[in-house]
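Asker: My structure is below; once you've seen it, I'll send some questions.
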Amino acid sequence: MNQVLSQIGIVRLFGENMFSDSMPNYLSSEKYVNVQWDTPFFKVLNEEIKQIRISEKLLKNTHSLEDTPLTIITPSDVELQAIELGFSNQEADSLEKEWKDSQRKLTKLSTNIEFISVPNSGHSVMYDQPDIIIKAILKMADEF
């Protein structure tokens, strides 16, 4: 539905007023709507969703990265908003449990791991707290 709405421009027309409460303070409502609710965004999102299954298969067969540096950055109190997306309470609880379990499993892939749990952030840590992402990238780059 979001992709259809983005194609006909409804979200861009009313979006600044619709999403003003959910946007990070440093991002203008106009920029948020133009980036998050345009047709190319949903095309990329749909492709990403298709690739999840492929990635899951590849990771399923990956048991160790040995000592390859791995940094996992995850929000500590994220809500997947699955109910808002049409999932039942039971499905939403199951999805949230699976997501948290998958984050914990990632910590076992390498012996050289840093796990960063980010409070006060939603799914998009890169928008909510970009400094954490930048610091982690620079730290990892310094190690090479």
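In the structure tokens, the first chain shown is A, the next is B, and so on; residue numbers restart at 1 for each chain, and ligands run from 1 in the order shown.
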Just want the 12 Å neighbourhood of Val118 (chain A), counted on only C-alpha atoms, with same-chain residues fewer than 2 positions away dropped. Output as a list in words.

Answerer: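 Within the cut-off, the hits are Ile72, Ile73, Thr74, Pro75, Ser76, Asp77, Val78, Phe115, Ile116, Asn120, Ser121, Gly122, His123, Ser124, Val125, Met126, Asp128, Gln129, Pro130, Asp131, Ile132 and Ile133 of chain A.
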
Asker: CA of Ile49 (chain A) to CA of Leu95 (chain A): how many Å, to one decimal?

Answerer: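 Computing the Euclidean distance for CA of Ile49 (chain A) and CA of Leu95 (chain A) yields 14.8 Å.
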
Asker: Just list as a PyMOL selection string whatever in region 102-133 of chain A DSSP marks as strand (DSSP E or B).

Answerer: chain A and resi 113-118

Asker: If you count only C-alpha atoms, which residues fall within 8 Å of region 50-67 of chain A, apart from same-chain ones fewer than 2 positions away, as a compact mmCIF listing (two decimals) with N, CA and C atoms, in the first residue's frame?

Answerer:
# COMPACT_ATOMS: atom_id res chain seq x y z
N ASN A 46 11.55 -3.10 -1.44
CA ASN A 46 11.03 -4.38 -1.93
C ASN A 46 12.16 -5.32 -2.35
N GLU A 47 13.19 -4.78 -2.98
CA GLU A 47 14.34 -5.59 -3.38
C GLU A 47 15.08 -6.11 -2.15
N GLU A 48 15.21 -5.26 -1.14
CA GLU A 48 15.87 -5.67 0.09
C GLU A 48 15.11 -6.83 0.75
N PRO A 69 36.88 -8.82 12.10
CA PRO A 69 36.17 -7.81 12.90
C PRO A 69 34.70 -7.70 12.49
N LYS A 108 27.94 -14.68 17.76
CA LYS A 108 28.72 -15.92 17.79
C LYS A 108 29.50 -16.15 16.49
N LEU A 109 29.35 -15.26 15.52
CA LEU A 109 30.00 -15.46 14.22
C LEU A 109 31.49 -15.17 14.23
N SER A 110 31.94 -14.32 15.13
CA SER A 110 33.34 -13.93 15.12
C SER A 110 33.88 -13.91 16.55
N THR A 111 35.18 -14.08 16.66
CA THR A 111 35.82 -13.93 17.97
C THR A 111 36.26 -12.49 18.19
N ASN A 112 36.13 -11.65 17.19
CA ASN A 112 36.52 -10.25 17.25
C ASN A 112 35.27 -9.40 17.00

Asker: Could you check how far CA of Ile137 (chain A) sits from CA of Thr107 (chain A), in Å to one decimal?

Answerer: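 Between these atoms lies a distance of 17.6 Å.
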